[in-house]
$ cat my_file_7.txt   # compact mmCIF, C-alpha atoms
# COMPACT_ATOMS: atom_id res chain seq x y z
CA VAL A 26 0.00 0.00 0.00
CA ALA A 27 1.25 3.48 -0.82
CA GLY A 28 -0.26 6.85 0.05
CA THR A 29 0.19 9.95 2.14
CA LEU A 30 0.53 10.15 5.91
CA ARG A 31 -1.56 13.23 6.59
CA PRO A 32 -3.81 15.74 4.83
CA LEU A 33 -2.55 19.01 3.44
CA PRO A 34 -4.22 21.82 5.40
CA THR A 35 -4.35 25.39 4.14
CA GLY A 36 -3.45 28.57 5.90
CA PRO A 37 -4.43 32.21 5.26
CA SER A 38 -5.16 33.16 1.64
CA GLY A 39 -4.90 29.54 0.48
CA THR A 40 -1.22 29.16 1.36
CA TYR A 41 0.02 25.74 2.46
CA SER A 42 1.15 25.43 6.05
CA GLU A 43 2.18 21.75 6.24
CA SER A 44 3.61 19.03 4.04
CA ASN A 45 2.36 15.64 2.98
CA ARG A 46 4.76 12.75 3.47
CA PRO A 47 4.52 9.78 1.08
CA PHE A 48 4.61 6.34 2.69
CA LEU A 49 4.85 2.67 1.83
CA TRP A 50 2.98 0.18 4.05
CA GLN A 51 4.57 -3.23 3.70
CA SER A 52 4.56 -6.31 5.95
CA GLY A 53 2.68 -4.39 8.63
CA LYS A 54 5.17 -1.52 8.74
CA VAL A 55 4.88 2.06 7.50
CA VAL A 56 8.00 3.30 5.72
CA ASP A 57 8.64 7.00 5.08
CA LEU A 58 9.81 7.17 1.46
CA GLY A 59 12.12 10.03 2.31
CA MET A 60 10.77 12.48 -0.21
CA GLN A 61 11.06 15.53 2.01
CA SER A 62 14.17 16.87 0.26
CA PRO A 63 13.77 20.61 -0.46
CA ALA A 64 15.52 19.98 -3.78
CA LEU A 65 12.58 17.84 -4.88
CA ALA A 66 9.41 19.01 -3.16
CA ASN A 67 7.98 19.74 0.23
CA SER A 68 4.60 18.11 -0.31
CA CYS A 69 4.53 14.65 -1.87
CA ILE A 70 1.85 12.04 -2.52
CA ALA A 71 2.42 8.39 -3.44
CA SER A 72 -0.50 7.47 -5.71
CA SER A 73 0.22 4.22 -7.59
CA ILE A 74 2.12 1.02 -6.80
CA SER A 75 3.16 -2.10 -8.72
CA ALA A 76 5.23 -5.19 -8.03
CA GLY A 77 8.69 -4.64 -6.61
CA PRO A 78 7.40 -2.52 -4.98
CA ILE A 79 7.64 0.33 -7.46
CA VAL A 80 5.86 3.49 -6.32
CA LEU A 81 4.68 6.40 -8.46
CA GLY A 82 3.98 9.80 -7.02
CA VAL A 83 3.97 13.54 -7.41
CA GLY A 84 5.47 16.33 -5.35
CA ALA A 85 4.38 19.95 -5.20
CA GLN A 86 6.97 22.62 -4.49
CA PHE A 87 6.15 25.65 -2.38
CA ALA A 88 8.10 28.86 -1.75
CA ASN A 89 7.08 31.16 1.09
CA GLY A 90 3.84 29.22 1.44
CA LYS A 91 2.85 29.57 -2.22
CA TYR A 92 2.78 26.98 -4.99
CA ALA A 93 5.97 27.06 -7.09
CA GLY A 94 5.93 23.94 -9.26
CA MET A 95 5.51 20.18 -9.41
CA SER A 96 7.62 17.04 -9.88
CA ALA A 97 6.61 13.48 -10.74
CA TRP A 98 8.77 10.69 -9.31
CA VAL A 99 9.33 6.95 -9.21
CA TYR A 100 10.57 5.12 -6.11
CA SER A 101 12.10 1.63 -6.18
CA LYS A 102 14.81 -0.30 -4.35
CA SER A 103 17.39 1.44 -6.55
CA GLY A 104 16.29 4.85 -5.30
CA ILE A 105 14.24 7.84 -6.44
CA ARG A 106 14.04 9.01 -10.03
CA ILE A 107 12.45 12.24 -11.20
CA ILE A 108 10.25 11.92 -14.30
CA PRO A 109 11.25 14.63 -16.77
CA PRO A 110 8.60 16.40 -18.85
CA LEU A 111 8.57 16.53 -22.63
CA PRO A 112 10.73 19.25 -24.25
CA GLY A 113 9.25 22.68 -23.69
CA ASP A 114 7.12 21.61 -20.73
CA LYS A 115 7.53 22.07 -16.98
CA TYR A 116 6.29 18.88 -15.34
CA VAL A 117 4.43 15.60 -15.82
CA SER A 118 1.04 14.78 -14.29
CA VAL A 119 1.27 11.02 -13.66
CA HIS A 120 -1.51 8.44 -13.29
CA MET A 121 -0.29 4.84 -13.18
CA ILE A 122 2.82 2.64 -13.26
CA ASN A 123 3.28 -1.01 -14.22
CA ALA A 124 5.66 -3.74 -13.07
CA ALA A 125 8.19 -2.80 -15.76
CA CYS A 126 8.46 0.70 -14.25
CA ALA A 127 6.62 2.32 -17.18
CA ALA A 128 4.56 5.28 -16.00
CA VAL A 129 1.88 7.12 -17.97
CA GLY A 130 0.43 10.58 -17.76
CA MET A 131 0.33 14.00 -19.38
CA SER A 132 3.15 16.49 -19.94
CA MET A 133 2.19 19.96 -18.79
CA PRO A 134 1.30 22.65 -19.63
CA SER A 135 1.10 21.48 -23.26
CA GLN A 136 -1.33 18.67 -22.26
CA ARG A 137 0.38 16.01 -24.36
CA PRO A 138 0.06 12.27 -23.56
CA CYS A 139 3.34 10.65 -22.56
CA VAL A 140 4.97 7.54 -21.13
CA TYR A 141 8.07 7.31 -18.94
CA SER A 142 10.12 4.19 -19.59
CA ASN A 143 13.81 3.24 -19.41
CA GLY A 144 14.73 6.58 -17.91
CA LYS A 145 13.13 8.86 -20.50
CA THR A 146 9.76 10.46 -21.22
CA THR A 147 8.32 9.84 -24.68
CA LEU A 148 5.47 11.57 -26.49
CA LEU A 149 2.57 9.28 -27.33
CA PRO A 150 0.95 9.95 -30.73
CA THR A 151 -2.49 11.52 -30.90
CA PHE A 152 -5.26 11.10 -33.48
CA ALA A 153 -4.02 14.18 -35.32
CA PRO A 154 -0.61 15.90 -35.28
CA GLY A 155 -0.33 18.43 -32.48
CA GLY A 156 -3.31 17.05 -30.59
CA THR A 157 -3.71 16.98 -26.84
CA GLY A 158 -4.51 14.09 -24.55
CA THR A 159 -3.58 12.07 -21.52
CA ALA A 160 -2.46 8.49 -20.86
CA ILE A 161 -4.28 7.16 -17.80
CA GLY A 162 -3.90 3.39 -17.51
CA ILE A 163 -1.20 0.86 -18.43
CA ASN A 164 -1.09 -2.91 -18.01
CA ASN A 165 1.93 -5.16 -17.42
CA ASN A 166 2.19 -5.83 -21.16
CA GLY A 167 2.73 -2.13 -21.82
CA VAL A 168 -0.68 -1.49 -23.42
CA ILE A 169 -1.88 2.02 -22.57
CA VAL A 170 -5.33 3.65 -22.50
CA GLY A 171 -6.46 7.22 -22.11
CA SER A 172 -7.94 9.89 -24.35
CA CYS A 173 -6.92 12.24 -27.17
CA SER A 174 -8.45 15.29 -28.79
CA CYS A 175 -10.78 14.30 -31.61
CA VAL A 176 -11.71 16.84 -34.29
CA LYS A 177 -14.79 14.90 -35.41
CA TYR A 178 -16.49 15.19 -32.02
CA GLY A 179 -14.96 18.47 -30.87
CA ASP A 180 -13.78 16.86 -27.64
CA HIS A 181 -11.63 13.96 -26.44
CA CYS A 182 -12.11 10.34 -27.49
CA ALA A 183 -10.98 7.12 -25.82
CA ALA A 184 -7.57 6.02 -27.07
CA GLN A 185 -5.34 2.98 -26.85
CA TRP A 186 -1.62 2.64 -27.52
CA GLN A 187 -0.40 -0.91 -28.13
CA SER A 188 2.99 -0.38 -26.48
CA VAL A 189 5.23 2.24 -24.88
CA THR A 190 6.77 2.76 -28.34
CA ALA A 191 3.46 2.90 -30.25
CA LYS A 192 3.54 4.80 -33.54
CA ARG A 193 -0.15 5.67 -33.55
CA ALA A 194 -3.16 6.02 -31.30
CA LEU A 195 -6.06 3.61 -31.79
CA ARG A 196 -9.73 4.35 -31.13
CA LEU A 197 -11.21 2.37 -28.24
CA SER A 198 -14.80 3.00 -29.32
CA SER A 199 -16.77 4.34 -32.28
CA GLY A 200 -18.31 7.18 -30.28
CA GLY A 201 -16.94 10.45 -28.95
CA ASN A 202 -16.46 12.29 -25.68
CA ASP A 203 -15.22 9.12 -23.98
CA ALA A 204 -12.04 7.90 -22.24
CA GLY A 205 -10.21 4.79 -21.14
CA TYR A 206 -9.17 4.73 -17.48
CA ALA A 207 -7.66 1.27 -16.91
CA ILE A 208 -6.75 -1.94 -18.75
CA ASN A 209 -6.01 -5.41 -17.45
CA ASP A 210 -3.34 -7.81 -18.69
CA THR A 211 -5.75 -9.59 -21.04
CA GLY A 212 -6.47 -6.30 -22.81
CA VAL A 213 -9.95 -5.51 -21.47
CA ALA A 214 -10.25 -1.78 -20.84
CA VAL A 215 -12.73 0.26 -18.82
CA GLY A 216 -13.65 3.91 -18.71
CA VAL A 217 -16.53 6.16 -19.68
CA ILE A 218 -18.67 6.90 -22.73
CA LYS A 219 -21.01 9.80 -23.40
CA ARG A 220 -24.32 8.50 -24.68
CA ALA A 221 -26.57 10.13 -27.27
CA ASP A 222 -28.77 11.47 -24.45
CA GLY A 223 -25.75 13.31 -23.00
CA ARG A 224 -25.35 11.04 -19.98
CA THR A 225 -21.94 9.65 -19.03
CA HIS A 226 -21.85 5.92 -18.31
CA ALA A 227 -19.20 3.48 -17.12
CA SER A 228 -18.17 1.18 -19.97
CA VAL A 229 -16.06 -1.82 -20.91
CA PHE A 230 -14.00 -1.78 -24.11
CA TRP A 231 -13.01 -5.13 -25.65
CA ARG A 232 -11.90 -5.92 -29.22
CA GLY A 233 -13.80 -3.08 -30.80
CA HIS A 234 -16.96 -3.61 -28.76
CA THR A 235 -18.27 -1.26 -26.09
CA THR A 236 -20.48 -2.45 -23.23
CA ASP A 237 -22.47 0.16 -21.31
CA ILE A 238 -22.39 -0.92 -17.64
CA GLY A 239 -25.22 1.41 -16.69
CA THR A 240 -25.76 3.14 -13.35
CA LEU A 241 -27.14 2.50 -9.89
CA GLY A 242 -30.22 4.45 -10.88
CA GLY A 243 -28.71 7.88 -11.37
CA ARG A 244 -27.68 9.75 -14.50
CA THR A 245 -23.94 9.04 -14.53
CA SER A 246 -21.32 6.42 -13.70
CA LYS A 247 -17.58 5.86 -14.26
CA ALA A 248 -15.41 2.73 -14.29
CA PHE A 249 -11.94 3.26 -12.82
CA GLY A 250 -10.39 -0.20 -12.47
CA ILE A 251 -10.49 -3.78 -13.69
CA ASN A 252 -8.63 -6.87 -12.45
CA LYS A 253 -7.38 -9.94 -14.33
CA SER A 254 -10.71 -11.68 -13.76
CA GLY A 255 -12.62 -8.87 -15.45
CA THR A 256 -14.21 -7.50 -12.28
CA VAL A 257 -14.80 -3.77 -12.65
CA VAL A 258 -14.95 -1.05 -9.99
CA GLY A 259 -16.14 2.52 -10.26
CA SER A 260 -18.72 5.00 -9.06
CA SER A 261 -22.30 5.90 -9.85
$ encode --input "my_file_7.txt" --output "structure tokens"
Amino acid sequence: VAGTLRPLPTGPSGTYSESNRPFLWQSGKVVDLGMQSPALANSCIASSISAGPIVLGVGAQFANGKYAGMSAWVYSKSGIRIIPPLPGDKYVSVHMINAACAAVGMSMPSQRPCVYSNGKTTLLPTFAPGGTGTAIGINNNGVIVGSCSCVKYGDHCAAQWQSVTAKRALRLSSGGNDAGYAINDTGVAVGVIKRADGRTHASVFWRGHTTDIGTLGGRTSKAFGINKSGTVVGSS
């Protein structure tokens, strides 16, 4: 288990008065990941974990109580590595990491989808040159899901990249205004679709087919995770 040890309270005028400390809970013990170096950040959150353990997180930098920047990082037994942004950008917003230490996210502020692997951050292709997007989920085979800008629908569409070195983005569904959030090792992805009636529903994407999961009775739902057995979790 990875996370943060305490909440981040605010002081006067929205300034931050304390720091988060990322932790790793393993074998019944809580381990401070040691991310409190001023050179890195003074408020860090561990948000994703894979086998190893390999931990993915983000750190926010503050100067005189005000936000000054952000850093994405990977922690493993070999130490801490900072995830560099794409050329021309300032930082990476990260979402998930797999067992091969490949992390996915979005390079900011250009809002370009990217993957960090083998020590470098690589741009993932979008549906059209110069498009925006974000990579959200990755499985242990290196298959990535997320969303990219889509001219046809005037918004973002669910996307899939077949590997960390993919040369093109593939459509996850035939509709628009949708996104892929997670994918299991057999290649079944989950996320959201926007239906013709404007409602957003949790969905499963598999071999070109989209299954609308529905809701618990309300207007909207989202699917955030799926395991190797195909069990899906989300909110409604």
$ closest_residue --input "my_file_7.txt" --among "A:Ser260, A:Asn89, A:Ser172, A:Ser75" --to "Met131 (chain A)" --atoms "all atoms listed in the file"
A:Ser172
$ closest_atom_pairs --input "my_file_7.txt" --of "region 92-134 of chain A" --to "region 191-212 of chain A" --cutoff "12 Å" --atoms "all atoms listed in the file" --output "tab-separated table"
residue	atom	partner	partner_atom	distance
A:His120	CA	A:Tyr206	CA	9.5
A:Met121	CA	A:Ala207	CA	9.0
A:Ile122	CA	A:Ala207	CA	11.2
A:Asn123	CA	A:Asp210	CA	10.5
A:Ala124	CA	A:Asp210	CA	11.4
A:Val129	CA	A:Ala207	CA	11.2
A:Gly130	CA	A:Tyr206	CA	11.2
$ atom_distance --input "my_file_7.txt" --atom1 "CA of His226 (chain A)" --atom2 "CA of Ala160 (chain A)"
19.7 Å
$ closest_residue --input "my_file_7.txt" --among "A:Ser246, A:Thr235, A:Ser96, A:Asn143" --to "Cys69 (chain A)" --atoms "only C-alpha atoms"
A:Ser96
$ residues_near_point --input "my_file_7.txt" --point "(4.3, -0.7, -21.1)" --cutoff "8 Å" --atoms "only C-alpha atoms" --output "ChimeraX atom specification"
/A:123,125,127-128,142,163-169,188-189
$ residues_around --input "my_file_7.txt" --residues "Thr245 (chain A)" --least-positions-apart "6" --cutoff "9 Å" --atoms "all atoms listed in the file" --output "ChimeraX atom specification"
/A:224-227,239,260-261
$ residues_around --input "my_file_7.txt" --residues "Gly104 (chain A)" --least-positions-apart "2" --cutoff "12 Å" --atoms "only C-alpha atoms" --output "JSON, numbers by chain"
{"A": [58, 59, 60, 78, 79, 80, 98, 99, 100, 101, 102, 106, 107]}
$ atom_distance --input "my_file_7.txt" --atom1 "CA of Trp231 (chain A)" --atom2 "CA of Arg244 (chain A)"
23.7 Å
$ build_atoms --input "my_file_7.txt" --residues "region 149-160 of chain A" --atoms "all heavy atoms" --output "CSV table (one decimal), in the coordinates of the input"
chain,number,residue,atom,x,y,z
A,149,LEU,N,3.4,10.3,-26.7
A,149,LEU,CA,2.6,9.3,-27.3
A,149,LEU,C,1.8,10.0,-28.5
A,149,LEU,O,1.3,11.1,-28.3
A,149,LEU,CB,1.6,8.7,-26.3
A,149,LEU,CG,2.2,7.8,-25.3
A,149,LEU,CD1,1.2,7.5,-24.2
A,149,LEU,CD2,2.6,6.4,-25.9
A,150,PRO,N,1.7,9.3,-29.6
A,150,PRO,CA,1.0,10.0,-30.7
A,150,PRO,C,-0.5,10.2,-30.4
A,150,PRO,O,-1.1,9.5,-29.7
A,150,PRO,CB,1.1,8.9,-31.9
A,150,PRO,CG,1.4,7.6,-31.2
A,150,PRO,CD,2.1,8.0,-29.9
A,151,THR,N,-1.1,11.2,-31.0
A,151,THR,CA,-2.5,11.5,-30.9
A,151,THR,C,-3.2,11.2,-32.2
A,151,THR,O,-2.6,10.9,-33.2
A,151,THR,CB,-2.7,13.0,-30.5
A,151,THR,OG1,-2.0,13.8,-31.4
A,151,THR,CG2,-2.2,13.2,-29.1
A,152,PHE,N,-4.5,11.4,-32.3
A,152,PHE,CA,-5.3,11.1,-33.5
A,152,PHE,C,-4.9,12.0,-34.6
A,152,PHE,O,-5.0,11.6,-35.8
A,152,PHE,CB,-6.8,11.2,-33.2
A,152,PHE,CG,-7.2,10.2,-32.2
A,152,PHE,CD1,-8.1,10.6,-31.2
A,152,PHE,CD2,-6.9,8.8,-32.3
A,152,PHE,CE1,-8.5,9.6,-30.2
A,152,PHE,CE2,-7.3,7.9,-31.4
A,152,PHE,CZ,-8.2,8.3,-30.4
A,153,ALA,N,-4.5,13.2,-34.3
A,153,ALA,CA,-4.0,14.2,-35.3
A,153,ALA,C,-2.8,14.9,-34.8
A,153,ALA,O,-2.6,15.1,-33.6
A,153,ALA,CB,-5.1,15.2,-35.6
A,154,PRO,N,-1.8,15.2,-35.7
A,154,PRO,CA,-0.6,15.9,-35.3
A,154,PRO,C,-0.9,17.1,-34.4
A,154,PRO,O,-1.8,17.9,-34.8
A,154,PRO,CB,0.1,16.3,-36.6
A,154,PRO,CG,-0.5,15.3,-37.6
A,154,PRO,CD,-1.9,15.0,-37.2
A,155,GLY,N,-0.2,17.3,-33.3
A,155,GLY,CA,-0.3,18.4,-32.5
A,155,GLY,C,-1.5,18.4,-31.5
A,155,GLY,O,-1.8,19.3,-30.9
A,156,GLY,N,-2.2,17.2,-31.5
A,156,GLY,CA,-3.3,17.0,-30.6
A,156,GLY,C,-2.9,17.0,-29.1
A,156,GLY,O,-1.8,16.8,-28.8
A,157,THR,N,-3.9,17.1,-28.3
A,157,THR,CA,-3.7,17.0,-26.8
A,157,THR,C,-4.3,15.7,-26.3
A,157,THR,O,-5.0,15.0,-27.1
A,157,THR,CB,-4.4,18.1,-26.1
A,157,THR,OG1,-5.8,18.1,-26.4
A,157,THR,CG2,-3.8,19.5,-26.5
A,158,GLY,N,-4.0,15.3,-25.1
A,158,GLY,CA,-4.5,14.1,-24.6
A,158,GLY,C,-3.8,13.7,-23.3
A,158,GLY,O,-2.9,14.4,-22.8
A,159,THR,N,-4.2,12.6,-22.7
A,159,THR,CA,-3.6,12.1,-21.5
A,159,THR,C,-3.6,10.6,-21.5
A,159,THR,O,-4.6,9.9,-22.0
A,159,THR,CB,-4.3,12.6,-20.2
A,159,THR,OG1,-3.6,12.1,-19.1
A,159,THR,CG2,-5.7,12.2,-20.2
A,160,ALA,N,-2.5,9.9,-21.0
A,160,ALA,CA,-2.5,8.5,-20.9
A,160,ALA,C,-2.8,8.2,-19.4
A,160,ALA,O,-2.2,8.8,-18.5
A,160,ALA,CB,-1.1,8.0,-21.2
